[in-house]
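Undergrad: data25.txt is reproduced below (compact mmCIF, C-alpha atoms).
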```txt
# COMPACT_ATOMS: atom_id res chain seq x y z
CA MET A 1 225.95 -66.60 -248.18
CA ILE A 2 226.36 -68.20 -244.73
CA ILE A 3 225.13 -71.72 -243.93
CA PHE A 4 224.66 -72.98 -240.37
CA ALA A 5 224.43 -76.76 -239.79
CA TRP A 6 223.99 -78.55 -236.47
CA ASN A 7 222.95 -81.91 -235.09
CA CYS A 8 221.12 -80.40 -232.12
CA ARG A 9 220.08 -83.69 -230.45
CA GLY A 10 216.57 -82.44 -229.78
CA LEU A 11 214.72 -79.12 -229.65
CA GLY A 12 212.03 -80.15 -227.18
CA GLN A 13 213.58 -78.25 -224.27
CA ALA A 14 213.50 -74.47 -223.90
CA SER A 15 217.24 -74.45 -223.12
CA ALA A 16 218.02 -76.07 -226.49
CA ILE A 17 215.99 -73.44 -228.35
CA GLN A 18 217.73 -70.66 -226.40
CA ASP A 19 221.09 -72.18 -227.33
CA LEU A 20 220.07 -72.35 -230.99
CA ARG A 21 218.88 -68.74 -230.95
CA ALA A 22 222.20 -67.57 -229.47
CA LEU A 23 224.15 -69.47 -232.14
CA ILE A 24 221.97 -68.01 -234.91
CA ASN A 25 222.39 -64.46 -233.55
CA SER A 26 226.18 -64.80 -233.49
CA SER A 27 226.65 -66.43 -236.91
CA LYS A 28 223.78 -64.66 -238.77
CA PRO A 29 223.21 -67.41 -241.38
CA ASP A 30 221.13 -67.24 -244.54
CA CYS A 31 220.48 -70.98 -244.50
CA LEU A 32 219.83 -73.22 -241.49
CA ILE A 33 220.32 -77.02 -241.39
CA LEU A 34 219.13 -78.88 -238.28
CA MET A 35 219.36 -82.63 -237.67
CA GLU A 36 217.83 -84.84 -234.98
CA THR A 37 215.31 -82.22 -233.92
CA LYS A 38 212.90 -84.80 -232.39
CA ILE A 39 209.85 -82.49 -232.67
CA ASP A 40 206.72 -82.48 -234.83
CA ALA A 41 206.23 -80.42 -237.98
CA ALA A 42 204.09 -77.74 -236.31
CA SER A 43 206.70 -77.09 -233.61
CA MET A 44 209.47 -76.98 -236.19
CA SER A 45 207.57 -74.49 -238.33
CA ARG A 46 207.02 -72.25 -235.30
CA ILE A 47 210.72 -72.33 -234.34
CA VAL A 48 212.09 -71.46 -237.77
CA GLY A 49 209.49 -68.71 -238.08
CA ASN A 50 210.58 -67.19 -234.76
CA LEU A 51 214.18 -67.32 -236.02
CA ASN A 52 213.16 -65.23 -239.09
CA PHE A 53 213.51 -68.02 -241.67
CA SER A 54 210.55 -67.68 -244.00
CA ASN A 55 211.10 -70.87 -246.04
CA HIS A 56 211.79 -74.42 -244.91
CA VAL A 57 211.41 -78.11 -245.70
CA TYR A 58 211.10 -80.68 -242.95
CA VAL A 59 211.17 -84.45 -242.53
CA PRO A 60 209.49 -85.27 -239.18
CA PRO A 61 211.06 -87.78 -236.79
CA ILE A 62 210.11 -91.46 -236.75
CA GLY A 63 209.23 -92.31 -233.20
CA LEU A 64 211.79 -90.78 -230.85
CA SER A 65 214.59 -90.38 -233.39
CA GLY A 66 215.21 -88.20 -236.41
CA GLY A 67 213.81 -84.89 -237.53
CA PHE A 68 215.60 -83.16 -240.40
CA CYS A 69 215.09 -79.53 -241.43
CA VAL A 70 216.56 -77.05 -243.93
CA ALA A 71 215.36 -73.44 -243.68
CA TRP A 72 216.39 -70.34 -245.60
CA LYS A 73 215.64 -66.64 -245.78
CA ASP A 74 214.11 -64.71 -248.68
CA SER A 75 217.52 -63.19 -249.45
CA ILE A 76 218.54 -66.40 -251.24
CA ASP A 77 216.71 -68.50 -253.82
CA MET A 78 216.66 -72.26 -253.12
CA GLU A 79 214.68 -75.06 -254.73
CA PRO A 80 214.32 -78.47 -252.99
CA ILE A 81 215.04 -81.43 -255.26
CA THR A 82 215.52 -84.38 -252.86
CA LEU A 83 213.79 -84.94 -249.53
CA SER A 84 214.26 -87.98 -247.27
CA LYS A 85 215.06 -88.84 -243.67
CA ASN A 86 218.79 -89.03 -244.48
CA ILE A 87 219.40 -86.43 -247.17
CA ILE A 88 217.90 -83.12 -248.24
CA SER A 89 219.24 -81.64 -251.49
CA LEU A 90 218.47 -78.19 -252.81
CA LEU A 91 219.43 -76.20 -255.87
CA VAL A 92 220.91 -72.85 -254.82
CA PHE A 93 220.64 -69.83 -257.10
CA SER A 94 223.12 -67.36 -255.64
CA LYS A 95 225.98 -65.16 -256.75
CA PRO A 96 228.06 -65.43 -258.91
CA GLY A 97 224.99 -66.54 -260.88
CA ILE A 98 225.75 -70.22 -261.40
CA PRO A 99 223.32 -72.61 -259.62
CA TRP A 100 224.90 -75.25 -257.42
CA ARG A 101 223.65 -78.18 -255.36
CA LEU A 102 223.58 -78.17 -251.56
CA SER A 103 223.12 -81.60 -249.97
CA ALA A 104 222.60 -81.90 -246.21
CA ILE A 105 223.26 -85.44 -244.97
CA TYR A 106 221.99 -86.93 -241.72
CA GLY A 107 223.66 -90.34 -241.77
CA PRO A 108 222.06 -93.45 -240.28
CA PRO A 109 223.36 -94.27 -236.79
CA ASN A 110 223.93 -98.03 -237.09
CA TYR A 111 226.59 -99.63 -239.25
CA SER A 112 224.42 -101.78 -241.52
CA ALA A 113 222.08 -98.90 -242.42
CA LYS A 114 225.06 -96.60 -242.85
CA ARG A 115 226.73 -99.02 -245.26
CA ALA A 116 223.54 -99.44 -247.29
CA PHE A 117 223.01 -95.68 -247.43
CA TRP A 118 226.49 -94.84 -248.74
CA SER A 119 226.50 -97.83 -251.11
CA SER A 120 223.43 -96.34 -252.80
CA TYR A 121 225.64 -93.35 -253.69
CA GLY A 122 228.46 -95.49 -255.09
CA ARG A 123 230.62 -95.61 -251.95
CA GLN A 124 231.71 -99.15 -251.08
CA ARG A 125 234.04 -98.19 -248.25
CA VAL A 126 232.43 -96.41 -245.30
CA ASN A 127 234.46 -94.32 -242.85
CA SER A 128 232.83 -92.43 -239.99
CA ARG A 129 233.60 -88.72 -239.69
CA ILE A 130 230.98 -86.44 -238.17
CA ASP A 131 230.54 -82.65 -238.37
CA ARG A 132 232.28 -82.18 -241.70
CA GLY A 133 231.62 -80.53 -245.07
CA VAL A 134 232.75 -81.72 -248.50
CA VAL A 135 232.92 -79.74 -251.76
CA ASN A 136 234.05 -80.54 -255.29
CA GLU A 137 236.48 -78.64 -257.51
CA ASP A 138 233.80 -76.75 -259.44
CA TRP A 139 232.27 -75.36 -256.24
CA TRP A 140 235.72 -74.44 -254.94
CA ARG A 141 236.40 -72.48 -258.10
CA LEU A 142 233.13 -70.57 -257.57
CA PHE A 143 233.96 -69.77 -253.93
CA PRO A 144 237.76 -69.82 -253.51
CA ASN A 145 237.57 -67.84 -250.23
CA ALA A 146 235.00 -70.12 -248.56
CA MET A 147 235.64 -70.92 -244.92
CA LEU A 148 234.16 -73.67 -242.73
CA GLN A 149 234.26 -73.12 -238.97
CA LEU A 150 233.46 -75.62 -236.24
CA LEU A 151 231.94 -73.95 -233.18
CA PRO A 152 232.38 -75.36 -229.64
CA GLN A 153 229.98 -78.03 -228.42
CA THR A 154 227.23 -76.68 -226.16
CA SER A 155 223.91 -78.42 -225.45
CA SER A 156 224.72 -81.13 -228.03
CA ASP A 157 227.74 -83.40 -228.36
CA HIS A 158 228.05 -82.30 -232.01
CA HIS A 159 229.93 -79.22 -233.19
CA PRO A 160 227.83 -76.59 -234.99
CA GLN A 161 229.24 -75.81 -238.43
CA VAL A 162 229.27 -72.37 -240.06
CA LEU A 163 230.12 -72.20 -243.76
CA SER A 164 230.82 -68.74 -245.16
CA CYS A 165 230.87 -69.02 -248.95
CA PHE A 166 232.73 -65.76 -249.46
CA GLY A 167 234.95 -65.91 -246.38
CA GLN A 168 235.99 -62.80 -244.53
CA ASN A 169 236.60 -59.59 -246.47
CA VAL A 170 240.14 -58.99 -245.26
CA TYR A 171 242.34 -57.07 -247.64
CA ALA A 172 246.05 -56.38 -247.29
CA LYS A 173 248.60 -54.69 -249.51
CA ARG A 174 250.06 -57.22 -251.91
CA PRO A 175 253.85 -57.51 -252.02
CA PHE A 176 255.64 -57.03 -255.33
CA ARG A 177 256.34 -60.23 -257.26
CA PHE A 178 257.96 -60.48 -260.65
CA GLU A 179 255.63 -62.39 -262.96
CA ALA A 180 257.22 -64.89 -265.33
CA THR A 181 254.73 -63.92 -268.05
CA TRP A 182 256.20 -60.41 -268.26
CA VAL A 183 259.34 -61.58 -270.06
CA GLU A 184 257.17 -62.83 -272.94
CA ASP A 185 256.30 -59.20 -273.72
CA ARG A 186 259.05 -57.22 -275.47
CA CYS A 187 258.03 -54.02 -273.71
CA CYS A 188 259.14 -55.49 -270.39
CA TYR A 189 262.83 -55.13 -271.27
CA GLY A 190 262.37 -51.49 -272.25
CA VAL A 191 260.57 -50.74 -268.98
CA VAL A 192 263.39 -52.26 -266.94
CA ASN A 193 266.16 -50.57 -268.99
CA HIS A 194 264.55 -47.15 -268.64
CA ALA A 195 263.98 -47.54 -264.90
CA TRP A 196 267.48 -48.96 -264.33
CA SER A 197 269.15 -45.92 -265.89
CA ARG A 198 267.05 -43.25 -264.15
CA ARG A 199 269.27 -42.53 -261.15
CA SER A 200 272.47 -43.65 -259.51
CA HIS A 201 274.51 -43.00 -256.36
CA PRO A 202 278.27 -42.78 -255.66
CA ARG A 203 277.97 -45.74 -253.33
CA PRO A 204 277.35 -48.93 -255.38
CA PRO A 205 275.07 -50.64 -252.78
CA THR A 206 272.84 -47.55 -252.54
CA SER A 207 272.81 -47.20 -256.34
CA LEU A 208 271.72 -50.84 -256.69
CA LEU A 209 268.95 -50.29 -254.15
CA TYR A 210 267.67 -47.24 -256.09
CA LYS A 211 267.66 -49.16 -259.38
CA ILE A 212 265.75 -52.11 -257.88
CA GLN A 213 263.16 -49.79 -256.32
CA ASP A 214 262.67 -47.84 -259.58
CA SER A 215 262.36 -51.07 -261.57
CA ARG A 216 259.79 -52.45 -259.15
CA LEU A 217 257.64 -49.30 -259.34
CA ALA A 218 257.96 -49.08 -263.13
CA LEU A 219 256.99 -52.73 -263.64
CA SER A 220 254.01 -52.41 -261.31
CA ARG A 221 252.80 -49.31 -263.16
CA TRP A 222 253.34 -50.93 -266.56
CA ASN A 223 251.53 -54.11 -265.48
CA LYS A 224 248.53 -52.09 -264.29
CA GLU A 225 248.28 -49.61 -267.18
CA GLN A 226 249.48 -51.50 -270.26
CA PHE A 227 250.13 -55.22 -269.74
CA GLY A 228 246.65 -55.69 -268.30
CA ASN A 229 244.81 -58.63 -266.82
CA ILE A 230 245.43 -61.87 -268.72
CA GLN A 231 241.98 -63.32 -268.03
CA SER A 232 240.31 -60.13 -269.29
CA ASN A 233 242.48 -60.13 -272.41
CA ILE A 234 241.58 -63.78 -273.10
CA LYS A 235 237.88 -63.00 -272.77
CA ALA A 236 238.15 -59.97 -275.04
CA THR A 237 240.14 -61.94 -277.65
CA ARG A 238 237.58 -64.77 -277.65
CA SER A 239 234.80 -62.24 -278.23
CA ALA A 240 236.74 -60.62 -281.08
CA LEU A 241 237.41 -64.04 -282.59
CA ALA A 242 233.73 -64.98 -282.50
CA LEU A 243 232.85 -61.69 -284.19
CA ALA A 244 235.55 -62.08 -286.84
CA GLN A 245 234.44 -65.62 -287.74
CA GLN A 246 230.97 -64.40 -288.67
CA ASN A 247 232.38 -63.05 -291.93
CA LEU A 248 235.40 -64.73 -293.57
CA ASP A 249 234.64 -63.81 -297.17
CA SER A 250 237.82 -61.83 -297.86
CA PRO A 251 241.55 -62.66 -297.55
CA ARG A 252 241.92 -59.76 -295.12
CA ALA A 253 239.25 -61.26 -292.84
CA VAL A 254 240.97 -64.65 -292.97
CA ASP A 255 244.30 -63.06 -292.00
CA HIS A 256 242.61 -61.21 -289.15
CA ASP A 257 241.08 -64.49 -287.93
CA ARG A 258 244.50 -66.19 -288.09
CA ASN A 259 246.14 -63.37 -286.13
CA LEU A 260 243.48 -63.54 -283.44
CA ARG A 261 243.96 -67.29 -283.12
CA CYS A 262 247.71 -66.85 -282.67
CA HIS A 263 247.18 -64.09 -280.14
CA LEU A 264 244.72 -66.24 -278.18
CA GLU A 265 247.16 -69.16 -278.13
CA HIS A 266 249.87 -66.80 -276.86
CA LEU A 267 247.59 -65.53 -274.08
CA LEU A 268 246.66 -69.07 -273.04
CA LYS A 269 250.33 -69.98 -272.73
CA MET A 270 250.91 -66.87 -270.63
CA GLU A 271 247.97 -67.81 -268.39
CA GLU A 272 249.38 -71.31 -267.92
CA THR A 273 252.79 -69.87 -267.03
CA LEU A 274 251.18 -67.46 -264.57
CA TRP A 275 249.32 -70.17 -262.65
CA PHE A 276 252.33 -72.47 -262.82
CA GLN A 277 254.43 -69.81 -261.11
CA LYS A 278 251.77 -69.07 -258.49
CA SER A 279 251.28 -72.76 -257.72
CA ARG A 280 255.01 -73.05 -256.86
CA LEU A 281 255.21 -76.54 -258.30
CA LYS A 282 258.57 -77.98 -259.36
CA TRP A 283 257.28 -79.87 -262.38
CA LYS A 284 255.00 -79.37 -265.34
CA LEU A 285 253.00 -81.81 -267.45
CA GLU A 286 254.40 -82.07 -270.98
CA GLY A 287 252.09 -81.13 -273.85
CA ASP A 288 249.01 -80.50 -271.68
CA HIS A 289 247.20 -77.26 -270.83
CA CYS A 290 246.97 -77.92 -267.08
CA THR A 291 245.91 -74.41 -266.06
CA ARG A 292 243.03 -75.80 -263.99
CA PHE A 293 245.41 -78.05 -262.04
CA PHE A 294 247.76 -75.14 -261.30
CA PHE A 295 244.78 -72.95 -260.34
CA LEU A 296 243.53 -75.51 -257.80
CA SER A 297 247.08 -76.00 -256.49
CA THR A 298 247.30 -72.25 -255.92
CA LEU A 299 243.99 -72.23 -254.03
CA THR A 300 245.25 -75.08 -251.85
CA ARG A 301 248.44 -73.20 -250.99
CA ARG A 302 246.53 -69.99 -250.23
CA LYS A 303 244.14 -71.89 -247.96
CA PHE A 304 247.07 -73.45 -246.11
CA ASN A 305 248.89 -70.13 -245.67
CA ARG A 306 245.82 -68.07 -244.78
CA ILE A 307 245.47 -66.85 -241.19
CA ASP A 308 241.83 -66.18 -240.33
CA HIS A 309 242.34 -65.70 -236.61
CA ILE A 310 244.87 -65.96 -233.80
CA LYS A 311 244.37 -67.13 -230.25
CA GLY A 312 245.15 -64.65 -227.48
CA THR A 313 246.84 -65.39 -224.17
CA ASN A 314 243.43 -65.85 -222.53
CA GLY A 315 242.34 -68.34 -225.21
CA GLN A 316 240.05 -65.85 -227.00
CA ARG A 317 239.88 -65.91 -230.81
CA ILE A 318 241.01 -62.64 -232.39
CA THR A 319 239.79 -62.01 -235.95
CA SER A 320 240.17 -58.21 -236.27
CA ARG A 321 243.31 -56.91 -237.97
CA ASP A 322 243.32 -53.97 -235.52
```
Render the structure in this file as structure tokens.
TA:
Amino acid sequence: MIIFAWNCRGLGQASAIQDLRALINSSKPDCLILMETKIDAASMSRIVGNLNFSNHVYVPPIGLSGGFCVAWKDSIDMEPITLSKNIISLLVFSKPGIPWRLSAIYGPPNYSAKRAFWSSYGRQRVNSRIDRGVVNEDWWRLFPNAMLQLLPQTSSDHHPQVLSCFGQNVYAKRPFRFEATWVEDRCCYGVVNHAWSRRSHPRPPTSLLYKIQDSRLALSRWNKEQFGNIQSNIKATRSALALAQQNLDSPRAVDHDRNLRCHLEHLLKMEETLWFQKSRLKWKLEGDHCTRFFFLSTLTRRKFNRIDHIKGTNGQRITSRD
């Protein structure tokens, strides 16, 4: 899902509509948010229809200021829940299947109205920062690859914003990394011992290189074929536990339930260790399952290290890996 948002500073001129059409054609959004349109409802309906957006809600301008529109295509399911001159909120029903709230905010221009507006939402301190998007942790967990891009200013003094919920589908071969959770499985030592003794070389440095390479390949194969995905194992164990607890009439069933509980606790500890390692933090909270904290720390690091584009010698943005 791609969302395009722009304070266009008026759509009464043909040049502004041409600019908007060019931006839409380049970003190909599913949802369109326009602020300060300064046109009547009939004109707005005609424009969004010509841009192939079949659904929209609109708050007309008051006098010569305002005009607030959110439009969307039939490919996504959205339900308006709040509609005013400063905020339009919609419930979005999109993949991965969990509804989430999209709020488009067109803040008041003067300070007193701005302070009153944000105070109504529990914000006592008001700082001005235009052309920005804000998400919470739950939304970030739904769309960890989301990317917000500010486009250059054109006919308006505001930057158009393009939010891609799923980011760019760029895949690269992952380097080998030894996972700390592997050592908690007894089979790991056997895999390494077998790979380490497979081949040798008269020259010690070359022999060491062979042993490291064989161990890396053996651990990668073992992780893929036998060790498995921890999250999938946790889900499967929870399902087995729920099934087992439907009938605890015999001692054997009680023992099976106890074993599943122990196995689930072991998997949860492994998951915590995994995200702790990936987050690259130097400390750990005592006695607390802080997997969510480590998960968000990992997402932050990946966002910081991610390269979505580079700038060429002529100033052009290059996004292709070719």
Undergrad: Skip Leu241 in chain A itself and residues of its chain fewer than 6 positions away, then list as a PyMOL selection string all residues within 12 Å of it, counting only C-alpha atoms.
TA: chain A and resi 234-235+247-248+253-265
Undergrad: Can you list, as JSON, numbers by chain, every protein, DNA or RNA residue that comes within 10 Å of Asp40 in chain A when you count only C-alpha atoms, leaving out same-chain residues fewer than 3 positions away?
TA: {"A": [12, 37, 43, 44, 45, 58, 59, 60, 61, 62, 67]}
Undergrad: Under the rule that all atoms listed in the file are counted, which of A:Ser119, A:Trp100, A:Val162, A:Pro204 is the nearest residue to Val135 in chain A?
TA: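 When distances to Val135 in chain A are compared using all atoms listed in the file, the smallest one comes from A:Trp100.
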Undergrad: Please provide as a ChimeraX atom specification all residues within 10 Å of range 86-94 of chain A, with the sequence filter that same-chain residues fewer than 6 positions apart are discarded (counting all atoms listed in the file).
TA: /A:1,33,35,57-59,66-70,75-80,100-108,114,117
Undergrad: Could you list, as a PyMOL selection string, every residue within 10 Å of Leu23 in chain A, counting all atoms listed in the file and ignoring same-chain residues fewer than 3 positions away?
TA: chain A and resi 4+17-20+26-29+151+154+160+162
Undergrad: Rounded to one decimal in Å, what is the spacing between CA of Arg238 in chain A and CA of Leu268 in chain A?
TA: 11.1 Å
Undergrad: Go through A:Asn50, A:Gly312, A:Leu163, A:Ala113 one by one, measure the shortest atom-to-atom distance of each to Gly133 in chain A using only C-alpha atoms, and give the residue with the smallest value.
TA: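 With only C-alpha atoms as the atom set, the closest residue is A:Leu163.
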Undergrad: I'd like to know which of A:Leu219, A:Ala16, A:Leu243, A:Ala5 is closest to Lys38 in chain A, using all atoms listed in the file.
TA: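 The shortest atom-to-atom distance to Lys38 in chain A comes from A:Ala16.
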Undergrad: Go ahead and compute the interatomic distance for CA of Ile2 in chain A and CA of Ser164 in chain A, in Å to one decimal.
TA: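 Separation between CA of Ile2 in chain A and CA of Ser164 in chain A: 4.5 Å.
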Undergrad: When you draw a straight line from CA of Phe143 in chain A to CA of Ile3 in chain A, how long is it in Å?
TA: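 Here the two named atoms are 13.5 Å from each other.
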Undergrad: With all atoms listed in the file as the counted atoms, please give the residues lying no more than 9 Å from Asn55 in chain A, apart from itself and same-chain residues fewer than 6 positions off, as a VMD selection string.
TA: chain A and resid 48 to 49 70 to 74
